[in-house]
Every structure is written in structure tokens, then in C-alpha cells.
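Trainee: Below you'll find structure_28.csv; it's CSV, N, CA and C atoms.
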chain,number,residue,atom,x,y,z
A,10,MET,N,49.9,-2.5,13.8
A,10,MET,CA,48.5,-2.8,13.4
A,10,MET,C,48.2,-2.4,12.0
A,11,ARG,N,47.4,-3.2,11.5
A,11,ARG,CA,47.0,-2.9,10.1
A,11,ARG,C,45.9,-1.9,10.1
A,12,GLU,N,46.0,-0.9,9.3
A,12,GLU,CA,45.0,0.1,9.2
A,12,GLU,C,43.8,-0.4,8.3
A,13,LEU,N,42.7,0.1,8.6
A,13,LEU,CA,41.5,-0.2,7.8
A,13,LEU,C,41.6,0.5,6.5
A,14,GLU,N,41.4,-0.3,5.5
A,14,GLU,CA,41.5,0.3,4.2
A,14,GLU,C,40.1,0.6,3.7
A,15,ALA,N,40.0,1.7,3.0
A,15,ALA,CA,38.7,2.0,2.4
A,15,ALA,C,38.4,1.1,1.3
A,16,HIS,N,37.2,0.6,1.3
A,16,HIS,CA,36.8,-0.4,0.2
A,16,HIS,C,36.2,0.4,-0.9
A,17,ASP,N,36.6,0.0,-2.1
A,17,ASP,CA,36.1,0.6,-3.3
A,17,ASP,C,35.0,-0.2,-3.9
A,18,PHE,N,33.8,0.4,-3.7
A,18,PHE,CA,32.6,-0.3,-4.2
A,18,PHE,C,32.2,0.2,-5.6
A,19,SER,N,33.0,1.1,-6.2
A,19,SER,CA,32.6,1.6,-7.5
A,19,SER,C,32.6,0.5,-8.5
A,20,VAL,N,33.4,-0.6,-8.3
A,20,VAL,CA,33.4,-1.7,-9.2
A,20,VAL,C,32.0,-2.4,-9.3
A,21,ILE,N,31.4,-2.5,-8.1
A,21,ILE,CA,30.0,-3.1,-8.0
A,21,ILE,C,29.0,-2.2,-8.7
A,22,VAL,N,29.1,-0.9,-8.4
A,22,VAL,CA,28.2,0.1,-8.9
A,22,VAL,C,28.3,0.1,-10.5
A,23,ARG,N,29.4,0.0,-11.0
A,23,ARG,CA,29.6,0.1,-12.4
A,23,ARG,C,29.1,-1.0,-13.2
A,24,GLN,N,28.9,-2.2,-12.5
A,24,GLN,CA,28.4,-3.3,-13.2
A,24,GLN,C,27.0,-3.1,-13.6
A,25,THR,N,26.6,-3.4,-14.8
A,25,THR,CA,25.2,-3.2,-15.2
A,25,THR,C,24.5,-4.5,-15.0
A,26,PRO,N,23.3,-4.4,-14.5
A,26,PRO,CA,22.6,-5.7,-14.3
A,26,PRO,C,22.3,-6.4,-15.6
A,27,SER,N,22.5,-7.7,-15.6
A,27,SER,CA,22.2,-8.4,-16.8
A,27,SER,C,20.8,-8.7,-16.9
A,28,ALA,N,20.4,-9.3,-18.0
A,28,ALA,CA,19.0,-9.7,-18.2
A,28,ALA,C,18.6,-10.7,-17.1
A,29,PRO,N,17.3,-10.7,-16.7
A,29,PRO,CA,16.9,-11.6,-15.6
A,29,PRO,C,17.2,-13.1,-16.0
A,30,ASN,N,17.7,-13.8,-15.1
A,30,ASN,CA,18.0,-15.2,-15.4
A,30,ASN,C,16.8,-16.0,-15.2
A,31,VAL,N,16.9,-17.3,-15.3
A,31,VAL,CA,15.7,-18.2,-15.3
A,31,VAL,C,15.1,-18.2,-13.9
A,32,ILE,N,16.0,-18.2,-12.9
A,32,ILE,CA,15.5,-18.2,-11.5
A,32,ILE,C,14.7,-17.0,-11.2
A,33,GLU,N,15.1,-15.8,-11.6
A,33,GLU,CA,14.4,-14.6,-11.4
A,33,GLU,C,13.1,-14.6,-12.1
A,34,LYS,N,13.1,-15.1,-13.3
A,34,LYS,CA,11.8,-15.2,-14.1
A,34,LYS,C,10.8,-16.1,-13.5
A,35,SER,N,11.3,-17.2,-13.0
A,35,SER,CA,10.4,-18.2,-12.4
A,35,SER,C,9.9,-17.7,-11.0
A,36,ALA,N,10.7,-17.0,-10.3
A,36,ALA,CA,10.3,-16.4,-9.0
A,36,ALA,C,9.2,-15.3,-9.3
A,37,ALA,N,9.4,-14.5,-10.3
A,37,ALA,CA,8.4,-13.5,-10.6
A,37,ALA,C,7.1,-14.1,-11.1
A,38,ALA,N,7.2,-15.2,-11.9
A,38,ALA,CA,6.0,-15.8,-12.3
A,38,ALA,C,5.2,-16.5,-11.1
A,39,LEU,N,6.0,-17.1,-10.2
A,39,LEU,CA,5.4,-17.7,-9.0
A,39,LEU,C,4.7,-16.6,-8.1
A,40,GLU,N,5.4,-15.5,-8.0
A,40,GLU,CA,4.9,-14.4,-7.2
A,40,GLU,C,3.6,-13.9,-7.8
A,41,ALA,N,3.5,-13.7,-9.1
A,41,ALA,CA,2.3,-13.2,-9.7
A,41,ALA,C,1.2,-14.2,-9.6
A,42,ALA,N,1.5,-15.5,-9.7
A,42,ALA,CA,0.5,-16.6,-9.5
A,42,ALA,C,0.0,-16.6,-8.1
A,43,LEU,N,0.9,-16.4,-7.1
A,43,LEU,CA,0.4,-16.4,-5.7
A,43,LEU,C,-0.4,-15.2,-5.4
A,44,GLN,N,-0.1,-14.0,-6.0
A,44,GLN,CA,-0.9,-12.8,-5.8
A,44,GLN,C,-2.3,-13.0,-6.4
A,45,LYS,N,-2.3,-13.6,-7.6
A,45,LYS,CA,-3.6,-13.8,-8.2
A,45,LYS,C,-4.5,-14.7,-7.4
A,46,GLU,N,-3.9,-15.8,-6.9
A,46,GLU,CA,-4.6,-16.8,-6.0
A,46,GLU,C,-5.1,-16.1,-4.7
A,47,ALA,N,-4.3,-15.2,-4.1
A,47,ALA,CA,-4.7,-14.5,-2.9
A,47,ALA,C,-5.9,-13.6,-3.2
A,48,ASP,N,-5.8,-12.9,-4.3
A,48,ASP,CA,-6.9,-12.0,-4.7
A,48,ASP,C,-8.2,-12.7,-4.9
A,49,GLU,N,-8.1,-13.9,-5.6
A,49,GLU,CA,-9.3,-14.7,-5.9
A,49,GLU,C,-9.9,-15.2,-4.6
A,50,ARG,N,-9.1,-15.6,-3.6
A,50,ARG,CA,-9.6,-16.1,-2.4
A,50,ARG,C,-10.2,-15.0,-1.6
A,51,ARG,N,-9.6,-13.8,-1.6
A,51,ARG,CA,-10.3,-12.7,-0.9
A,51,ARG,C,-11.6,-12.3,-1.5
A,52,GLU,N,-11.7,-12.3,-2.8
A,52,GLU,CA,-13.0,-12.0,-3.5
A,52,GLU,C,-14.0,-13.1,-3.2
A,53,GLU,N,-13.6,-14.4,-3.2
A,53,GLU,CA,-14.5,-15.5,-2.9
A,53,GLU,C,-15.0,-15.3,-1.4
A,54,ARG,N,-14.1,-15.0,-0.5
A,54,ARG,CA,-14.5,-14.8,0.9
A,54,ARG,C,-15.6,-13.7,1.0
A,55,PHE,N,-15.4,-12.6,0.2
A,55,PHE,CA,-16.4,-11.6,0.2
A,55,PHE,C,-17.8,-12.1,-0.3
A,56,TYR,N,-17.8,-12.9,-1.3
A,56,TYR,CA,-19.0,-13.4,-1.9
A,56,TYR,C,-19.7,-14.4,-0.9
A,57,TRP,N,-18.9,-15.1,-0.1
A,57,TRP,CA,-19.5,-16.0,0.9
A,57,TRP,C,-20.1,-15.2,2.0
A,58,ILE,N,-19.4,-14.1,2.4
A,58,ILE,CA,-20.0,-13.3,3.4
A,58,ILE,C,-21.3,-12.7,3.0
A,59,CYS,N,-21.4,-12.2,1.7
A,59,CYS,CA,-22.6,-11.7,1.2
A,59,CYS,C,-23.7,-12.7,1.2
A,60,ALA,N,-23.4,-14.0,0.8
A,60,ALA,CA,-24.4,-15.0,0.7
A,60,ALA,C,-24.9,-15.4,2.1
A,61,CYS,N,-24.0,-15.4,3.1
A,61,CYS,CA,-24.4,-15.7,4.5
A,61,CYS,C,-25.3,-14.6,5.0
A,62,ILE,N,-25.0,-13.4,4.7
A,62,ILE,CA,-25.8,-12.2,5.2
A,62,ILE,C,-27.2,-12.3,4.6
A,63,ALA,N,-27.3,-12.7,3.3
A,63,ALA,CA,-28.6,-12.8,2.6
A,63,ALA,C,-29.4,-13.9,3.3
A,64,LEU,N,-28.8,-15.0,3.6
A,64,LEU,CA,-29.5,-16.1,4.2
A,64,LEU,C,-30.0,-15.7,5.6
A,65,ILE,N,-29.1,-15.1,6.4
A,65,ILE,CA,-29.6,-14.6,7.7
A,65,ILE,C,-30.7,-13.6,7.6
A,66,ASP,N,-30.6,-12.7,6.6
A,66,ASP,CA,-31.7,-11.7,6.4
A,66,ASP,C,-33.0,-12.4,6.0
A,67,LEU,N,-32.9,-13.5,5.2
A,67,LEU,CA,-34.1,-14.2,4.8
A,67,LEU,C,-34.8,-14.9,6.0
A,68,ALA,N,-34.0,-15.3,7.0
A,68,ALA,CA,-34.5,-16.0,8.2
A,68,ALA,C,-35.0,-15.0,9.2
A,69,THR,N,-34.4,-13.8,9.3
A,69,THR,CA,-34.8,-12.9,10.4
A,69,THR,C,-35.7,-11.7,10.0
A,70,PHE,N,-35.7,-11.3,8.7
A,70,PHE,CA,-36.5,-10.2,8.3
A,70,PHE,C,-38.0,-10.4,8.5
A,71,PRO,N,-38.6,-11.6,8.3
A,71,PRO,CA,-40.0,-11.8,8.5
A,71,PRO,C,-40.4,-11.6,10.0
A,72,HIS,N,-39.5,-11.7,10.9
A,72,HIS,CA,-39.8,-11.5,12.3
A,72,HIS,C,-39.5,-10.1,12.8
A,73,LEU,N,-39.0,-9.3,12.0
A,73,LEU,CA,-38.7,-7.9,12.4
A,73,LEU,C,-39.8,-6.9,11.9
A,74,GLY,N,-39.8,-5.8,12.5
A,74,GLY,CA,-40.7,-4.7,12.0
A,74,GLY,C,-40.1,-4.0,10.9
A,75,PHE,N,-40.8,-3.1,10.2
A,75,PHE,CA,-40.4,-2.4,9.0
A,75,PHE,C,-39.2,-1.5,9.4
A,76,VAL,N,-39.2,-0.8,10.5
A,76,VAL,CA,-38.2,0.1,10.9
A,76,VAL,C,-36.9,-0.7,11.2
A,77,ALA,N,-37.1,-1.8,11.9
A,77,ALA,CA,-35.9,-2.6,12.2
A,77,ALA,C,-35.2,-3.2,10.9
A,78,VAL,N,-36.0,-3.6,10.0
A,78,VAL,CA,-35.5,-4.1,8.7
A,78,VAL,C,-34.7,-3.0,8.0
A,79,ILE,N,-35.2,-1.8,8.0
A,79,ILE,CA,-34.5,-0.7,7.3
A,79,ILE,C,-33.2,-0.4,8.1
A,80,CYS,N,-33.2,-0.4,9.4
A,80,CYS,CA,-32.0,-0.1,10.2
A,80,CYS,C,-30.9,-1.2,9.9
A,81,VAL,N,-31.4,-2.4,10.0
A,81,VAL,CA,-30.4,-3.5,9.7
A,81,VAL,C,-29.9,-3.5,8.3
A,82,PHE,N,-30.7,-3.1,7.4
A,82,PHE,CA,-30.2,-3.0,6.0
A,82,PHE,C,-29.2,-1.9,5.8
A,83,LEU,N,-29.4,-0.8,6.4
A,83,LEU,CA,-28.4,0.3,6.4
A,83,LEU,C,-27.1,-0.1,7.0
A,84,ILE,N,-27.2,-0.7,8.2
A,84,ILE,CA,-26.0,-1.2,8.8
A,84,ILE,C,-25.2,-2.2,8.0
A,85,GLU,N,-26.0,-3.1,7.3
A,85,GLU,CA,-25.3,-4.1,6.5
A,85,GLU,C,-24.7,-3.5,5.3
A,86,ILE,N,-25.3,-2.5,4.7
A,86,ILE,CA,-24.7,-1.8,3.5
A,86,ILE,C,-23.4,-1.2,3.9
A,87,LEU,N,-23.4,-0.5,5.1
A,87,LEU,CA,-22.1,0.1,5.5
A,87,LEU,C,-21.0,-1.0,5.8
A,88,ALA,N,-21.5,-2.1,6.4
A,88,ALA,CA,-20.5,-3.2,6.7
A,88,ALA,C,-20.0,-3.8,5.4
A,89,LEU,N,-20.9,-3.9,4.4
A,89,LEU,CA,-20.4,-4.5,3.1
A,89,LEU,C,-19.5,-3.5,2.4
A,90,ALA,N,-19.7,-2.2,2.5
A,90,ALA,CA,-18.8,-1.3,1.9
A,90,ALA,C,-17.4,-1.4,2.5
A,91,ALA,N,-17.3,-1.6,3.8
A,91,ALA,CA,-16.0,-1.7,4.5
A,91,ALA,C,-15.4,-3.1,4.0
A,92,LEU,N,-16.2,-4.1,4.0
A,92,LEU,CA,-15.6,-5.4,3.6
A,92,LEU,C,-15.2,-5.4,2.1
A,93,ALA,N,-16.0,-4.7,1.3
A,93,ALA,CA,-15.6,-4.7,-0.1
A,93,ALA,C,-14.3,-4.0,-0.4
A,94,ARG,N,-14.0,-3.0,0.4
A,94,ARG,CA,-12.7,-2.4,0.3
A,94,ARG,C,-11.5,-3.3,0.6
A,95,LYS,N,-11.8,-4.2,1.6
A,95,LYS,CA,-10.7,-5.1,2.0
A,95,LYS,C,-10.6,-6.4,1.2
A,96,TYR,N,-11.8,-6.9,0.8
A,96,TYR,CA,-11.8,-8.3,0.2
A,96,TYR,C,-12.2,-8.3,-1.3
A,97,ALA,N,-13.0,-7.4,-1.7
A,97,ALA,CA,-13.6,-7.5,-3.1
A,97,ALA,C,-12.8,-6.8,-4.1
A,98,ASP,N,-13.2,-7.0,-5.3
A,98,ASP,CA,-12.6,-6.3,-6.4
A,98,ASP,C,-12.9,-4.8,-6.3
A,99,GLU,N,-12.1,-4.0,-6.9
A,99,GLU,CA,-12.3,-2.5,-6.9
A,99,GLU,C,-13.6,-2.1,-7.4
A,100,ASN,N,-14.1,-2.7,-8.5
A,100,ASN,CA,-15.4,-2.4,-9.1
A,100,ASN,C,-16.5,-2.6,-8.2
A,101,ILE,N,-16.5,-3.7,-7.4
A,101,ILE,CA,-17.5,-4.0,-6.4
A,101,ILE,C,-17.5,-2.9,-5.3
A,102,ALA,N,-16.4,-2.5,-4.9
A,102,ALA,CA,-16.3,-1.5,-3.8
A,102,ALA,C,-16.8,-0.2,-4.3
A,103,ILE,N,-16.5,0.2,-5.6
A,103,ILE,CA,-17.0,1.4,-6.1
A,103,ILE,C,-18.6,1.4,-6.2
A,104,ALA,N,-19.1,0.2,-6.7
A,104,ALA,CA,-20.6,0.1,-6.8
A,104,ALA,C,-21.2,0.2,-5.4
A,105,ILE,N,-20.7,-0.4,-4.4
A,105,ILE,CA,-21.3,-0.3,-3.1
A,105,ILE,C,-21.1,1.1,-2.5
A,106,ASP,N,-20.0,1.8,-2.8
A,106,ASP,CA,-19.9,3.2,-2.3
A,106,ASP,C,-20.9,4.1,-3.0
A,107,LYS,N,-21.2,3.8,-4.3
A,107,LYS,CA,-22.2,4.6,-5.0
A,107,LYS,C,-23.6,4.4,-4.3
A,108,ILE,N,-23.9,3.1,-4.0
A,108,ILE,CA,-25.2,2.8,-3.3
A,108,ILE,C,-25.2,3.6,-2.0
A,109,VAL,N,-24.2,3.5,-1.2
A,109,VAL,CA,-24.1,4.2,0.1
A,109,VAL,C,-24.3,5.8,-0.1
A,110,ALA,N,-23.6,6.3,-1.1
A,110,ALA,CA,-23.7,7.7,-1.4
A,110,ALA,C,-25.2,8.1,-1.8
A,111,SER,N,-25.8,7.3,-2.6
A,111,SER,CA,-27.2,7.6,-3.1
A,111,SER,C,-28.2,7.5,-1.9
A,112,ILE,N,-28.0,6.6,-1.0
A,112,ILE,CA,-28.8,6.5,0.2
A,112,ILE,C,-28.6,7.7,1.1
A,113,CYS,N,-27.3,8.1,1.3
A,113,CYS,CA,-27.0,9.3,2.1
A,113,CYS,C,-27.7,10.5,1.4
A,114,ASP,N,-27.6,10.6,0.1
A,114,ASP,CA,-28.2,11.8,-0.6
A,114,ASP,C,-29.7,11.8,-0.4
A,115,LYS,N,-30.4,10.7,-0.4
A,115,LYS,CA,-31.9,10.6,-0.2
A,115,LYS,C,-32.3,11.1,1.1
A,116,PHE,N,-31.5,10.7,2.1
A,116,PHE,CA,-31.8,11.1,3.5
A,116,PHE,C,-31.2,12.4,3.9
A,117,GLY,N,-30.4,13.0,3.1
A,117,GLY,CA,-29.8,14.3,3.4
A,117,GLY,C,-28.6,14.2,4.3
A,118,TRP,N,-28.0,13.0,4.4
A,118,TRP,CA,-26.8,12.8,5.3
A,118,TRP,C,-25.6,13.1,4.5
A,119,LYS,N,-24.6,13.7,5.0
A,119,LYS,CA,-23.4,14.0,4.3
A,119,LYS,C,-22.2,13.7,5.2
Show me this structure written as C-alpha cells.
Mentor:
Amino acid sequence: MRELEAHDFSVIVRQTPSAPNVIEKSAAALEAALQKEADERREERFYWICACIALIDLATFPHLGFVAVICVFLIEILALAALARKYADENIAIAIDKIVASICDKFGWK
């Protein structure tokens, strides 16, 4: 029987990677374009959610009492903060987090 020979992979390791070829460059460009498109779609989705919430608020707030409006507003701010982390730009998420922090400070919530 033939014995298993140890394979010498040092030849592969010693080879230095060459400059990226045309296929690798185009793949990287396509990947960057796809990521940009996905980010823009997520951000647009967040803006649509905000617009729909504003329209629903305009329709329902006149029929609610003052306390109910404040409660709904606080819940919506928390929901928008969570959605902003997932869908929106980092700057929008930071701004909403600052709004939530200032509301918590005014009411003494920590």
C-alpha cells in the first residue's frame, strides 16, 4: 500500500498575493454599490415610517385627551429610537437618543 505523503503547503504560503485583478476590483465596486443601495433603502424605509406615524397622529390626536397624547408621544419616541438604530443613519439615531435622554432627565427617569 502506498503511504500517505505529507503535503508541503509552504509553496502556497510563500506566494505573495498579486495586485487585485479586474474581477476582484469589479466585485468590490459592485459590493460597495449594493451596500450603499441597501443603506439608502433602509433610511428611506425609516422616513416612510416616520411619515405614516405623523399622519396617524394627525388623525387620532384630536380625538384623544391630553394625557393620552403625551403617553402615545412618549411611546412613539421610544419606538422611533429603536427603529432609528436599525434603519436610519447614525446621526438620526444619535439625535433621537438625545431627545429621549432629555425627556428622561426632565421627568427624573434614569
Trainee: Using only N, CA and C atoms, which of the listed residues (A:Val31, A:Phe55, A:Ala110, A:Ala42) sits closest to Ala93 of chain A?
Mentor: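 Of A:Val31, A:Phe55, A:Ala110, A:Ala42, the one nearest Ala93 of chain A is A:Phe55, counting only N, CA and C atoms.
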Trainee: Which residues are near segment 106-108 of chain A? Cut-off 8 Å, only N, CA and C atoms, ignore same chain within fewer than 6 positions. Put them as a PDB file with N, CA and C atoms, keeping the file's coordinate frame.
Mentor:
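Writing done, so here's selection16.pdb:
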ATOM      1  N   ILE A  86     -25.300  -2.500   4.700  1.00  0.00           N
ATOM      2  CA  ILE A  86     -24.700  -1.800   3.500  1.00  0.00           C
ATOM      3  C   ILE A  86     -23.400  -1.200   3.900  1.00  0.00           C
ATOM      4  N   LEU A  89     -20.900  -3.900   4.400  1.00  0.00           N
ATOM      5  CA  LEU A  89     -20.400  -4.500   3.100  1.00  0.00           C
ATOM      6  C   LEU A  89     -19.500  -3.500   2.400  1.00  0.00           C
ATOM      7  N   ALA A  90     -19.700  -2.200   2.500  1.00  0.00           N
ATOM      8  CA  ALA A  90     -18.800  -1.300   1.900  1.00  0.00           C
ATOM      9  C   ALA A  90     -17.400  -1.400   2.500  1.00  0.00           C
ATOM     10  N   ALA A  91     -17.300  -1.600   3.800  1.00  0.00           N
ATOM     11  CA  ALA A  91     -16.000  -1.700   4.500  1.00  0.00           C
ATOM     12  C   ALA A  91     -15.400  -3.100   4.000  1.00  0.00           C
ATOM     13  N   ASN A 100     -14.100  -2.700  -8.500  1.00  0.00           N
ATOM     14  CA  ASN A 100     -15.400  -2.400  -9.100  1.00  0.00           C
ATOM     15  C   ASN A 100     -16.500  -2.600  -8.200  1.00  0.00           C
ATOM     16  N   ASP A 114     -27.600  10.600   0.100  1.00  0.00           N
ATOM     17  CA  ASP A 114     -28.200  11.800  -0.600  1.00  0.00           C
ATOM     18  C   ASP A 114     -29.700  11.800  -0.400  1.00  0.00           C
TER      19      ASP A 114
END
Trainee: Run DSSP on the backbone and give me the residues of chain A it puts in alpha helix (DSSP H), as a ChimeraX atom specification.
Mentor: /A:19-23,31-69,75-96,99-116
Trainee: Find the residue from A:Ile58, A:Val109, A:Ile103, A:Leu67 that sits nearest to Leu87 of chain A; use all atoms listed in the file when measuring.
Mentor: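 Nearest to Leu87 of chain A: A:Val109.
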Trainee: At what distance in Å, to one decimal, does atom CA of Leu92 of chain A lie from atom CA of Ala60 of chain A?
Mentor: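 One can read the atom CA of Ala60 of chain A to atom CA of Leu92 of chain A distance as 13.3 Å.
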Trainee: Would you work out the distance separating atom C of His72 of chain A from atom C of Glu85 of chain A, expressed in Å to one decimal?
Mentor: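 Atom C of His72 of chain A sits 17.9 Å away from atom C of Glu85 of chain A.
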Trainee: Quick check, in Å to one decimal: how far apart do atom C of Tyr96 of chain A and atom C of Glu53 of chain A lie?
Mentor: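 Between atom C of Tyr96 of chain A and atom C of Glu53 of chain A the gap is 7.5 Å.
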